[in-house]
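Structure record follows, encoded as structure tokens.
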Amino acid sequence: MCLALHDSPVLMRKPLKVIGRLVGSIVVVLLVVGVAFANLSPELGGNPTKEQRLAYAKSGHYEDGEFKNLVPTEMMTGGSTFSVLWKFLFSKSPNATPNGPLPTQPLTAASIAQKAPETVRATWFGHSASLVEIAGKNILLDPMLSVKMGPLSWVTPKRYNPQLAITAEELPAIDAVLISHDHYDHLDYQTILRLKDKTSNFYVPLGVGAHLLAWGVAPAKVHELDWGDSVKLPGLTIISTPARHFSGRGLTNRNSTSWSSWVMKSATKRVFYSGDGGYGPHFQTIGRQHGPFDLALMECGQYDAQWANIHMLPEQTVQAALDVRANVLLPVHWGAFTEAHHPWNDPVKRASAAAFRHHLPMTTPELGQPVTLGQPLPQVQWWQ
């Protein structure tokens, strides 16, 4: 009986050693490149100082160099980080992206000129980026207004639309930018560079100010707020409230900065923005303390059973809106990027059905279409 040479364990040992050394060398090179890139890329931002980290301990939710959630929160609730990455890269769900660009209503600074102080208007630009006009102020939420995401755009999700309803340069003067946390799809380096000179104030969770300062935002404009902290602008109060999430922009700074939801209160109107995060009892607490809300912009999208604690299912989004006592729900965190293993329009379909069951008014504007409270709500199912 003849044994093929390539089947011989003795003869195979040498090629396997060569392959092993080659793989090891590639891994080492990738690690070196990754570390060098992490030290060189401005996209990664800055780090809180030692004095700041010591002060964060007073917040009650900072321990051993990391911020914590109000309730125990396991980031991965099934599988491993590697399995999730493999699934995302090589096992796309059906209808993961739309067939073409989504319907968009182009805007200009003139078309979103401020109205009377009693008017509340919200304009969603895709994902979570939104402009809220309240008390005569322009409040910009998580302004990810770039087409490409993060320092390695060739590996990050691609935006569905090649351009947005409005660019950062075209926006009118901004009274306040509110950042929910420091992930790339919410805190965008290129957008901050284009906004920093036309924005009066940046209100951010603890630690996030280090990124803005590293990018050249004037220190006088940067304000870090802990949960429960508030600031007053003429006619408007802004309050940092809890969320259930995590943070980090690099390989070594997981949870080194905090995360927030946000309350905006005028004398007669109230708006809530959930930021990112899983469902939890904090929504009922926020509703009791600060509700009811005329409008709630709530995370709805990028969910999976493998990270069920840090992103809500659409049905939980609706329940959270009910918990905060919202009169109208505007679902965000969808309509721009595919970051999870579900169809691109699954979030709005499921949220719409759940809102109908609970008799909760929900608005589904096109990208760039203003929602003005007191006027008919955009509810065309353009996403079908």
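Each chain in the structure tokens gets a letter, A, B and so on, in the order shown; residues start at 1 in every chain, and ligands are counted from 1 in the order they appear.
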
Quick one: contact table of segment 136-244 of chain A to segment 321-336 of chain A, 9 Å max, nearest atom pair and distance in Å to one decimal per residue, counting only C-alpha atoms, chain and number order, as a Markdown table?
```
| residue | atom | partner | partner_atom | distance |
| --- | --- | --- | --- | --- |
| A:Lys158 | CA | A:Ala336 | CA | 8.2 |
| A:Arg159 | CA | A:Ala336 | CA | 5.3 |
| A:Tyr160 | CA | A:Ala336 | CA | 5.4 |
| A:Asn161 | CA | A:Ala336 | CA | 7.2 |
```

List as a tab-separated table every residue of segment 74-193 of chain A that is in contact with segment 206-226 of chain A, defined as an atom at most 9 Å from one of its atoms (using only C-alpha atoms), together with the nearest atom pair and the distance in Å rounded to one decimal, sorted by chain and then rising number.
```
residue	atom	partner	partner_atom	distance
A:Ile179	CA	A:Val208	CA	8.4
A:His181	CA	A:Val208	CA	7.2
A:Asp182	CA	A:Val208	CA	6.4
A:Tyr189	CA	A:Trp215	CA	7.5
A:Ile192	CA	A:Leu212	CA	7.7
A:Leu193	CA	A:Trp215	CA	7.0
```

At a cut-off of 9 Å, can you tabulate as JSON lines every residue of segment 208-315 of chain A near segment 348-367 of chain A together with its closest atom pair and the distance in Å to one decimal, using only C-alpha atoms and ordering rows by chain then number?
```
{"residue": "A:Cys300", "atom": "CA", "partner": "A:Val348", "partner_atom": "CA", "distance": 7.4}
{"residue": "A:Gly301", "atom": "CA", "partner": "A:Val348", "partner_atom": "CA", "distance": 8.1}
{"residue": "A:Leu313", "atom": "CA", "partner": "A:Ala351", "partner_atom": "CA", "distance": 8.6}
{"residue": "A:Pro314", "atom": "CA", "partner": "A:Ala351", "partner_atom": "CA", "distance": 4.8}
{"residue": "A:Glu315", "atom": "CA", "partner": "A:Ala354", "partner_atom": "CA", "distance": 5.8}
```

Would you export the selected residues with all heavy atoms as an mmCIF file, in the first residue's frame, please?
```cif
data_model
loop_
_atom_site.group_PDB
_atom_site.id
_atom_site.type_symbol
_atom_site.label_atom_id
_atom_site.label_comp_id
_atom_site.auth_asym_id
_atom_site.auth_seq_id
_atom_site.Cartn_x
_atom_site.Cartn_y
_atom_site.Cartn_z
ATOM 1 N N CYS A 300 -33.320 52.816 19.048
ATOM 2 C CA CYS A 300 -34.127 51.728 18.467
ATOM 3 C C CYS A 300 -33.339 51.137 17.296
ATOM 4 O O CYS A 300 -33.474 51.581 16.165
ATOM 5 C CB CYS A 300 -35.483 52.268 18.009
ATOM 6 S SG CYS A 300 -36.608 51.002 17.392
ATOM 7 N N GLY A 301 -32.520 50.154 17.579
ATOM 8 C CA GLY A 301 -31.737 49.552 16.508
ATOM 9 C C GLY A 301 -30.384 49.083 16.986
ATOM 10 O O GLY A 301 -29.901 49.507 18.042
ATOM 11 N N LEU A 313 -34.281 45.996 22.509
ATOM 12 C CA LEU A 313 -35.135 45.535 21.431
ATOM 13 C C LEU A 313 -36.184 46.606 21.140
ATOM 14 O O LEU A 313 -36.491 47.436 22.023
ATOM 15 C CB LEU A 313 -35.826 44.230 21.826
ATOM 16 C CG LEU A 313 -34.928 43.021 22.094
ATOM 17 C CD1 LEU A 313 -35.770 41.843 22.594
ATOM 18 C CD2 LEU A 313 -34.148 42.625 20.853
ATOM 19 N N PRO A 314 -36.767 46.646 19.948
ATOM 20 C CA PRO A 314 -37.762 47.676 19.633
ATOM 21 C C PRO A 314 -38.930 47.700 20.616
ATOM 22 O O PRO A 314 -39.428 48.780 20.963
ATOM 23 C CB PRO A 314 -38.206 47.311 18.224
ATOM 24 C CG PRO A 314 -37.035 46.588 17.631
ATOM 25 C CD PRO A 314 -36.452 45.813 18.768
ATOM 26 N N GLU A 315 -39.359 46.535 21.056
ATOM 27 C CA GLU A 315 -40.463 46.485 22.017
ATOM 28 C C GLU A 315 -40.052 47.115 23.349
ATOM 29 O O GLU A 315 -40.865 47.754 24.034
ATOM 30 C CB GLU A 315 -40.905 45.034 22.232
ATOM 31 C CG GLU A 315 -41.519 44.390 20.993
ATOM 32 C CD GLU A 315 -40.495 43.944 19.956
ATOM 33 O OE1 GLU A 315 -39.274 43.904 20.294
ATOM 34 O OE2 GLU A 315 -40.898 43.642 18.816
#
```

query: Where does DSSP see alpha helix (DSSP H) in segment 280-357 of chain A, if you list the residues as JSON, numbers by chain?
result: {"A": [282, 283, 284, 285, 286, 287, 288, 289, 290, 314, 315, 316, 317, 318, 319, 320, 321, 322, 323, 346, 347, 348, 349, 350, 351, 352, 353, 354, 355, 356, 357]}

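Between Ile238 of chain A and the residues A:Ala135, A:Ala165, A:Leu295, A:Ala305, the shortest atom-to-atom distance, using only C-alpha atoms, involves A:Ala135.
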
Would you mind writing down, as a compact mmCIF listing (two decimals) with all heavy atoms, in the first residue's frame, each residue of segment 119-302 of chain A that DSSP on the backbone assigns to strand (DSSP E)?
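Written file, states.txt:
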```
# COMPACT_ATOMS: atom_id res chain seq x y z
N ARG A 121 -39.18 71.61 17.87
CA ARG A 121 -39.01 70.96 16.57
C ARG A 121 -37.78 70.07 16.63
O ARG A 121 -36.74 70.46 17.17
CB ARG A 121 -38.87 72.00 15.48
CG ARG A 121 -38.74 71.41 14.08
CD ARG A 121 -38.91 72.46 12.99
NE ARG A 121 -37.98 73.57 13.11
CZ ARG A 121 -37.94 74.60 12.24
NH1 ARG A 121 -38.79 74.64 11.24
NH2 ARG A 121 -37.06 75.57 12.41
N ALA A 122 -37.91 68.86 16.12
CA ALA A 122 -36.79 67.93 16.08
C ALA A 122 -36.55 67.47 14.66
O ALA A 122 -37.50 67.14 13.94
CB ALA A 122 -37.06 66.72 16.98
N THR A 123 -35.29 67.46 14.25
CA THR A 123 -34.92 67.01 12.91
C THR A 123 -33.87 65.92 13.04
O THR A 123 -32.80 66.14 13.60
CB THR A 123 -34.36 68.18 12.07
OG1 THR A 123 -35.28 69.27 12.08
CG2 THR A 123 -34.13 67.74 10.63
N TRP A 124 -34.21 64.74 12.54
CA TRP A 124 -33.34 63.55 12.63
C TRP A 124 -32.56 63.40 11.34
O TRP A 124 -33.11 63.47 10.25
CB TRP A 124 -34.23 62.34 12.90
CG TRP A 124 -33.56 61.02 12.88
CD1 TRP A 124 -32.50 60.60 13.64
CD2 TRP A 124 -33.93 59.89 12.07
NE1 TRP A 124 -32.20 59.29 13.36
CE2 TRP A 124 -33.06 58.83 12.41
CE3 TRP A 124 -34.93 59.68 11.11
CZ2 TRP A 124 -33.14 57.58 11.79
CZ3 TRP A 124 -35.01 58.44 10.50
CH2 TRP A 124 -34.13 57.40 10.85
N SER A 130 -29.34 64.31 15.71
CA SER A 130 -30.61 65.04 15.63
C SER A 130 -30.41 66.47 16.11
O SER A 130 -29.56 66.75 16.97
CB SER A 130 -31.68 64.37 16.52
OG SER A 130 -31.82 63.00 16.23
N LEU A 131 -31.22 67.37 15.56
CA LEU A 131 -31.25 68.75 16.01
C LEU A 131 -32.57 68.99 16.72
O LEU A 131 -33.64 68.77 16.13
CB LEU A 131 -31.11 69.71 14.82
CG LEU A 131 -31.22 71.21 15.15
CD1 LEU A 131 -30.01 71.67 15.97
CD2 LEU A 131 -31.34 72.04 13.88
N VAL A 132 -32.51 69.42 17.96
CA VAL A 132 -33.71 69.76 18.72
C VAL A 132 -33.74 71.27 18.91
O VAL A 132 -32.79 71.86 19.44
CB VAL A 132 -33.73 69.05 20.10
CG1 VAL A 132 -34.89 69.53 20.94
CG2 VAL A 132 -33.81 67.53 19.90
N GLU A 133 -34.84 71.87 18.48
CA GLU A 133 -35.05 73.31 18.68
C GLU A 133 -36.07 73.47 19.79
O GLU A 133 -37.22 73.05 19.66
CB GLU A 133 -35.53 73.95 17.39
CG GLU A 133 -34.52 73.83 16.25
CD GLU A 133 -35.14 74.14 14.90
OE1 GLU A 133 -35.26 75.32 14.55
OE2 GLU A 133 -35.51 73.16 14.21
N ILE A 134 -35.65 74.07 20.90
CA ILE A 134 -36.50 74.22 22.07
C ILE A 134 -36.08 75.50 22.80
O ILE A 134 -34.88 75.80 22.89
CB ILE A 134 -36.39 72.98 23.00
CG1 ILE A 134 -37.29 73.13 24.22
CG2 ILE A 134 -34.96 72.69 23.38
CD1 ILE A 134 -37.38 71.87 25.08
N LYS A 137 -33.54 77.70 21.27
CA LYS A 137 -32.15 77.24 21.23
C LYS A 137 -32.00 76.11 20.22
O LYS A 137 -32.92 75.33 19.98
CB LYS A 137 -31.70 76.75 22.60
CG LYS A 137 -31.83 77.77 23.72
CD LYS A 137 -30.79 78.87 23.57
CE LYS A 137 -30.79 79.80 24.78
NZ LYS A 137 -32.05 80.55 24.92
N ASN A 138 -30.80 76.00 19.64
CA ASN A 138 -30.44 74.88 18.77
C ASN A 138 -29.59 73.90 19.57
O ASN A 138 -28.45 74.21 19.95
CB ASN A 138 -29.66 75.36 17.55
CG ASN A 138 -30.51 76.14 16.58
OD1 ASN A 138 -31.69 75.84 16.41
ND2 ASN A 138 -29.93 77.13 15.92
N ILE A 139 -30.15 72.72 19.83
CA ILE A 139 -29.45 71.70 20.60
C ILE A 139 -29.17 70.52 19.68
O ILE A 139 -30.09 69.91 19.13
CB ILE A 139 -30.29 71.23 21.81
CG1 ILE A 139 -30.84 72.43 22.60
CG2 ILE A 139 -29.46 70.31 22.69
CD1 ILE A 139 -29.79 73.33 23.19
N LEU A 140 -27.90 70.18 19.50
CA LEU A 140 -27.50 69.12 18.58
C LEU A 140 -27.13 67.87 19.38
O LEU A 140 -26.31 67.93 20.30
CB LEU A 140 -26.31 69.59 17.74
CG LEU A 140 -25.96 68.85 16.47
CD1 LEU A 140 -27.14 68.76 15.53
CD2 LEU A 140 -24.77 69.53 15.78
N LEU A 141 -27.75 66.74 19.05
CA LEU A 141 -27.54 65.49 19.77
C LEU A 141 -26.63 64.56 18.97
O LEU A 141 -26.88 64.30 17.79
CB LEU A 141 -28.88 64.79 20.01
CG LEU A 141 -30.02 65.62 20.61
CD1 LEU A 141 -31.27 64.77 20.74
CD2 LEU A 141 -29.61 66.19 21.97
N ALA A 176 -25.83 74.31 22.00
CA ALA A 176 -25.26 73.23 22.80
C ALA A 176 -25.22 71.95 21.99
O ALA A 176 -26.17 71.62 21.28
CB ALA A 176 -26.08 73.01 24.07
N VAL A 177 -24.11 71.24 22.10
CA VAL A 177 -23.99 69.87 21.60
C VAL A 177 -24.04 68.94 22.81
O VAL A 177 -23.29 69.14 23.77
CB VAL A 177 -22.68 69.65 20.82
CG1 VAL A 177 -22.44 68.17 20.57
CG2 VAL A 177 -22.72 70.40 19.49
N LEU A 178 -24.93 67.95 22.77
CA LEU A 178 -25.02 66.96 23.83
C LEU A 178 -24.48 65.63 23.31
O LEU A 178 -24.95 65.14 22.28
CB LEU A 178 -26.46 66.77 24.30
CG LEU A 178 -27.25 68.02 24.72
CD1 LEU A 178 -28.62 67.61 25.27
CD2 LEU A 178 -26.47 68.82 25.76
N PHE A 202 -20.37 72.44 24.73
CA PHE A 202 -20.44 70.99 24.60
C PHE A 202 -20.69 70.41 25.99
O PHE A 202 -19.89 70.62 26.91
CB PHE A 202 -19.13 70.42 24.05
CG PHE A 202 -18.84 70.79 22.62
CD1 PHE A 202 -18.25 72.01 22.30
CD2 PHE A 202 -19.14 69.91 21.58
CE1 PHE A 202 -17.97 72.35 20.99
CE2 PHE A 202 -18.85 70.25 20.26
CZ PHE A 202 -18.28 71.47 19.97
N TYR A 203 -21.80 69.70 26.15
CA TYR A 203 -22.12 69.04 27.42
C TYR A 203 -21.94 67.54 27.23
O TYR A 203 -22.58 66.94 26.35
CB TYR A 203 -23.53 69.40 27.87
CG TYR A 203 -23.70 70.88 28.12
CD1 TYR A 203 -24.42 71.68 27.23
CD2 TYR A 203 -23.11 71.49 29.22
CE1 TYR A 203 -24.55 73.04 27.45
CE2 TYR A 203 -23.23 72.85 29.44
CZ TYR A 203 -23.95 73.62 28.55
OH TYR A 203 -24.07 74.98 28.77
N VAL A 204 -21.08 66.94 28.05
CA VAL A 204 -20.67 65.56 27.81
C VAL A 204 -20.61 64.79 29.13
O VAL A 204 -20.50 65.39 30.20
CB VAL A 204 -19.28 65.51 27.12
CG1 VAL A 204 -19.31 66.25 25.79
CG2 VAL A 204 -18.20 66.11 28.03
N PRO A 205 -20.67 63.46 29.08
CA PRO A 205 -20.48 62.66 30.30
C PRO A 205 -19.06 62.79 30.84
O PRO A 205 -18.15 63.26 30.14
CB PRO A 205 -20.77 61.23 29.83
CG PRO A 205 -21.54 61.38 28.55
CD PRO A 205 -21.02 62.63 27.92
N VAL A 222 -16.23 73.27 27.06
CA VAL A 222 -16.39 71.86 27.41
C VAL A 222 -16.86 71.72 28.84
O VAL A 222 -16.20 72.19 29.77
CB VAL A 222 -15.07 71.09 27.20
CG1 VAL A 222 -15.24 69.63 27.58
CG2 VAL A 222 -14.59 71.23 25.76
N HIS A 223 -17.99 71.05 29.03
CA HIS A 223 -18.58 70.89 30.36
C HIS A 223 -18.92 69.42 30.58
O HIS A 223 -19.76 68.85 29.87
CB HIS A 223 -19.85 71.73 30.50
CG HIS A 223 -19.69 73.14 30.01
ND1 HIS A 223 -19.13 74.14 30.78
CD2 HIS A 223 -19.99 73.70 28.81
CE1 HIS A 223 -19.12 75.27 30.09
NE2 HIS A 223 -19.63 75.03 28.88
N GLU A 224 -18.27 68.79 31.55
CA GLU A 224 -18.57 67.40 31.90
C GLU A 224 -19.63 67.36 32.99
O GLU A 224 -19.51 68.04 34.02
CB GLU A 224 -17.31 66.68 32.38
CG GLU A 224 -16.28 66.46 31.30
CD GLU A 224 -15.14 65.55 31.73
OE1 GLU A 224 -15.09 65.18 32.92
OE2 GLU A 224 -14.31 65.21 30.87
N LEU A 225 -20.66 66.55 32.78
CA LEU A 225 -21.76 66.43 33.74
C LEU A 225 -21.89 64.99 34.21
O LEU A 225 -21.83 64.05 33.40
CB LEU A 225 -23.09 66.87 33.12
CG LEU A 225 -23.41 68.38 33.15
CD1 LEU A 225 -22.45 69.16 32.29
CD2 LEU A 225 -24.85 68.61 32.68
N SER A 230 -27.00 69.40 36.33
CA SER A 230 -27.79 70.20 35.39
C SER A 230 -27.10 71.52 35.11
O SER A 230 -26.27 71.98 35.90
CB SER A 230 -29.20 70.44 35.93
OG SER A 230 -29.15 71.21 37.12
N VAL A 231 -27.44 72.11 33.98
CA VAL A 231 -26.95 73.44 33.61
C VAL A 231 -28.14 74.24 33.11
O VAL A 231 -29.13 73.68 32.61
CB VAL A 231 -25.86 73.38 32.53
CG1 VAL A 231 -24.61 72.71 33.05
CG2 VAL A 231 -26.37 72.68 31.28
N LYS A 232 -28.05 75.53 33.24
CA LYS A 232 -29.13 76.41 32.80
C LYS A 232 -28.63 77.35 31.71
O LYS A 232 -27.65 78.05 31.88
CB LYS A 232 -29.67 77.22 33.99
CG LYS A 232 -30.45 76.38 35.01
CD LYS A 232 -31.08 77.26 36.08
CE LYS A 232 -31.87 76.43 37.08
NZ LYS A 232 -33.03 75.77 36.47
N LEU A 233 -29.34 77.31 30.60
CA LEU A 233 -29.19 78.32 29.55
C LEU A 233 -30.41 79.22 29.66
O LEU A 233 -31.40 78.87 30.30
CB LEU A 233 -29.12 77.65 28.18
CG LEU A 233 -28.00 76.62 27.96
CD1 LEU A 233 -28.10 76.03 26.56
CD2 LEU A 233 -26.64 77.24 28.19
N LEU A 236 -33.82 77.51 29.32
CA LEU A 236 -33.68 76.07 29.10
C LEU A 236 -32.78 75.45 30.16
O LEU A 236 -31.71 75.99 30.47
CB LEU A 236 -33.10 75.80 27.71
CG LEU A 236 -32.97 74.33 27.31
CD1 LEU A 236 -34.34 73.67 27.15
CD2 LEU A 236 -32.16 74.19 26.02
N THR A 237 -33.21 74.31 30.70
CA THR A 237 -32.39 73.52 31.62
C THR A 237 -32.03 72.20 30.95
O THR A 237 -32.89 71.54 30.36
CB THR A 237 -33.14 73.24 32.93
OG1 THR A 237 -33.47 74.49 33.56
CG2 THR A 237 -32.30 72.41 33.89
N ILE A 238 -30.77 71.83 31.04
CA ILE A 238 -30.26 70.58 30.49
C ILE A 238 -29.77 69.72 31.64
O ILE A 238 -28.99 70.18 32.48
CB ILE A 238 -29.13 70.83 29.47
CG1 ILE A 238 -29.67 71.62 28.27
CG2 ILE A 238 -28.51 69.52 29.01
CD1 ILE A 238 -28.58 72.07 27.31
N ILE A 239 -30.22 68.46 31.69
CA ILE A 239 -29.90 67.58 32.80
C ILE A 239 -29.31 66.28 32.27
O ILE A 239 -29.86 65.66 31.36
CB ILE A 239 -31.16 67.27 33.64
CG1 ILE A 239 -31.86 68.56 34.07
CG2 ILE A 239 -30.80 66.42 34.87
CD1 ILE A 239 -33.26 68.34 34.61
N SER A 240 -28.20 65.85 32.85
CA SER A 240 -27.63 64.54 32.55
C SER A 240 -28.34 63.49 33.39
O SER A 240 -28.45 63.63 34.61
CB SER A 240 -26.13 64.53 32.87
OG SER A 240 -25.61 63.21 32.82
N THR A 241 -28.82 62.45 32.75
CA THR A 241 -29.52 61.37 33.43
C THR A 241 -28.89 60.02 33.06
O THR A 241 -28.17 59.92 32.07
CB THR A 241 -31.03 61.37 33.07
OG1 THR A 241 -31.19 61.53 31.65
CG2 THR A 241 -31.74 62.51 33.78
N SER A 261 -27.98 59.71 29.31
CA SER A 261 -29.15 60.18 28.58
C SER A 261 -29.32 61.65 28.95
O SER A 261 -28.64 62.16 29.84
CB SER A 261 -30.40 59.36 28.94
OG SER A 261 -30.63 59.37 30.35
N TRP A 262 -30.24 62.35 28.28
CA TRP A 262 -30.33 63.79 28.47
C TRP A 262 -31.78 64.26 28.53
O TRP A 262 -32.63 63.79 27.76
CB TRP A 262 -29.63 64.54 27.33
CG TRP A 262 -28.14 64.31 27.32
CD1 TRP A 262 -27.45 63.41 26.57
CD2 TRP A 262 -27.17 64.99 28.12
NE1 TRP A 262 -26.11 63.49 26.83
CE2 TRP A 262 -25.90 64.46 27.78
CE3 TRP A 262 -27.24 66.02 29.07
CZ2 TRP A 262 -24.71 64.90 28.37
CZ3 TRP A 262 -26.06 66.46 29.66
CH2 TRP A 262 -24.82 65.90 29.31
N VAL A 263 -32.02 65.20 29.44
CA VAL A 263 -33.32 65.85 29.59
C VAL A 263 -33.16 67.32 29.20
O VAL A 263 -32.20 67.98 29.62
CB VAL A 263 -33.84 65.74 31.04
CG1 VAL A 263 -35.04 66.65 31.26
CG2 VAL A 263 -34.18 64.29 31.37
N MET A 264 -34.10 67.83 28.40
CA MET A 264 -34.13 69.25 28.03
C MET A 264 -35.48 69.81 28.45
O MET A 264 -36.53 69.34 28.00
CB MET A 264 -33.94 69.40 26.51
CG MET A 264 -32.55 69.02 26.03
SD MET A 264 -32.52 68.44 24.29
CE MET A 264 -32.84 66.67 24.54
N LYS A 265 -35.46 70.83 29.33
CA LYS A 265 -36.69 71.40 29.89
C LYS A 265 -36.75 72.90 29.65
O LYS A 265 -35.83 73.63 30.02
CB LYS A 265 -36.76 71.19 31.40
CG LYS A 265 -36.95 69.78 31.89
CD LYS A 265 -37.07 69.80 33.42
CE LYS A 265 -37.27 68.42 34.00
NZ LYS A 265 -37.39 68.47 35.49
N ARG A 270 -40.86 69.70 27.37
CA ARG A 270 -39.81 68.78 27.84
C ARG A 270 -39.50 67.76 26.75
O ARG A 270 -40.41 67.17 26.16
CB ARG A 270 -40.25 68.07 29.12
CG ARG A 270 -40.57 69.01 30.25
CD ARG A 270 -40.94 68.28 31.53
NE ARG A 270 -41.26 69.24 32.58
CZ ARG A 270 -41.27 68.98 33.88
NH1 ARG A 270 -40.99 67.75 34.29
NH2 ARG A 270 -41.58 69.90 34.76
N VAL A 271 -38.19 67.55 26.52
CA VAL A 271 -37.73 66.58 25.53
C VAL A 271 -36.70 65.67 26.19
O VAL A 271 -35.86 66.13 26.97
CB VAL A 271 -37.11 67.29 24.31
CG1 VAL A 271 -36.51 66.27 23.33
CG2 VAL A 271 -38.15 68.16 23.60
N PHE A 272 -36.78 64.37 25.86
CA PHE A 272 -35.84 63.39 26.41
C PHE A 272 -35.10 62.71 25.28
O PHE A 272 -35.67 62.39 24.24
CB PHE A 272 -36.60 62.33 27.23
CG PHE A 272 -35.71 61.23 27.77
CD1 PHE A 272 -34.78 61.50 28.75
CD2 PHE A 272 -35.83 59.93 27.29
CE1 PHE A 272 -33.96 60.48 29.25
CE2 PHE A 272 -35.02 58.91 27.78
CZ PHE A 272 -34.09 59.19 28.77
N TYR A 273 -33.79 62.49 25.49
CA TYR A 273 -32.97 61.72 24.56
C TYR A 273 -32.32 60.59 25.34
O TYR A 273 -31.59 60.81 26.29
CB TYR A 273 -31.92 62.61 23.90
CG TYR A 273 -30.89 61.84 23.10
CD1 TYR A 273 -31.27 60.86 22.20
CD2 TYR A 273 -29.52 62.09 23.25
CE1 TYR A 273 -30.33 60.14 21.47
CE2 TYR A 273 -28.58 61.38 22.52
CZ TYR A 273 -28.99 60.40 21.65
OH TYR A 273 -28.07 59.69 20.93
N LEU A 295 -41.80 64.92 23.89
CA LEU A 295 -41.16 64.15 22.83
C LEU A 295 -40.01 63.36 23.44
O LEU A 295 -39.26 63.90 24.26
CB LEU A 295 -40.65 65.06 21.73
CG LEU A 295 -39.86 64.40 20.58
CD1 LEU A 295 -40.76 63.52 19.74
CD2 LEU A 295 -39.18 65.47 19.71
N ALA A 296 -39.85 62.11 23.03
CA ALA A 296 -38.71 61.30 23.45
C ALA A 296 -38.03 60.72 22.22
O ALA A 296 -38.67 60.03 21.42
CB ALA A 296 -39.15 60.18 24.39
N LEU A 297 -36.75 61.03 22.05
CA LEU A 297 -35.93 60.42 21.01
C LEU A 297 -35.25 59.22 21.66
O LEU A 297 -34.42 59.37 22.55
CB LEU A 297 -34.89 61.40 20.47
CG LEU A 297 -35.43 62.64 19.73
CD1 LEU A 297 -35.71 63.77 20.70
CD2 LEU A 297 -34.45 63.10 18.67
N MET A 298 -35.63 58.01 21.20
CA MET A 298 -35.23 56.79 21.90
C MET A 298 -34.43 55.87 20.99
O MET A 298 -34.80 55.64 19.83
CB MET A 298 -36.47 56.04 22.40
CG MET A 298 -37.40 56.84 23.28
SD MET A 298 -36.71 57.26 24.89
CE MET A 298 -36.65 55.64 25.65
N GLU A 299 -33.36 55.31 21.53
CA GLU A 299 -32.58 54.31 20.80
C GLU A 299 -33.48 53.17 20.33
O GLU A 299 -34.27 52.63 21.08
CB GLU A 299 -31.49 53.73 21.69
CG GLU A 299 -30.70 52.64 21.02
CD GLU A 299 -30.25 51.55 21.97
OE1 GLU A 299 -29.28 51.81 22.70
OE2 GLU A 299 -30.86 50.46 21.98
```

task: Might you pull out every residue within 12 Å of segment 106-108 of chain A, with only C-alpha atoms counted and same-chain residues fewer than 5 positions away left off, and present them as a ChimeraX atom specification?
output: /A:113,123-125,131,163-172,366-370

With C-alpha atoms retained, could you export that selection as a compact mmCIF listing (two decimals), in the first residue's frame?
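Generated output (selection.txt):
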```txt
# COMPACT_ATOMS: atom_id res chain seq x y z
CA ALA A 113 -34.21 79.04 11.29
CA THR A 123 -34.92 67.01 12.91
CA TRP A 124 -33.34 63.55 12.63
CA PHE A 125 -30.38 63.11 10.30
CA LEU A 131 -31.25 68.75 16.01
CA GLN A 163 -24.52 62.47 1.76
CA LEU A 164 -26.63 63.80 4.61
CA ALA A 165 -29.56 66.19 4.65
CA ILE A 166 -27.19 68.88 5.90
CA THR A 167 -23.47 69.18 6.57
CA ALA A 168 -21.90 70.42 9.76
CA GLU A 169 -20.77 73.53 7.91
CA GLU A 170 -24.33 74.30 6.76
CA LEU A 171 -25.86 74.13 10.23
CA PRO A 172 -26.80 77.38 11.96
CA GLU A 366 -37.68 60.90 6.52
CA LEU A 367 -34.07 61.91 7.06
CA GLY A 368 -33.98 65.67 7.43
CA GLN A 369 -37.77 66.03 7.74
CA PRO A 370 -38.61 68.28 10.71
```

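Going from atom CA of Gln302 of chain A over to atom CA of Ala340 of chain A, you cover 4.7 Å.
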
task: Rank A:Gln379, A:Gln284, A:Asn95, A:Thr77 by their smallest atom-to-atom distance to Trp344 of chain A, using only C-alpha atoms, and report the top residue only.
output: A:Asn95

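The space between atom CA of Met76 of chain A and atom CA of His311 of chain A spans 11.0 Å.
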
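With distances restricted to only C-alpha atoms, A:Gly126 is the closest residue to Leu102 of chain A from A:Gly126, A:His341, A:Glu43, A:Glu63.
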
field: Near-Arg244 of chain A list (7 Å; only C-alpha atoms; drop same-chain fewer than 6 positions) as a ChimeraX atom specification
entry: /A:69,277-278,310

Write the selection just made, keeping C-alpha atoms, as a compact mmCIF listing (two decimals), in the first residue's frame?
```txt
# COMPACT_ATOMS: atom_id res chain seq x y z
CA ASN A 69 -23.99 50.96 35.38
CA GLY A 277 -28.23 51.54 26.22
CA GLY A 278 -30.20 48.57 27.40
CA ILE A 310 -26.56 47.21 26.25
```

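Atom to atom, atom CA of Gly45 of chain A and atom CA of Asp188 of chain A stand 10.1 Å apart.
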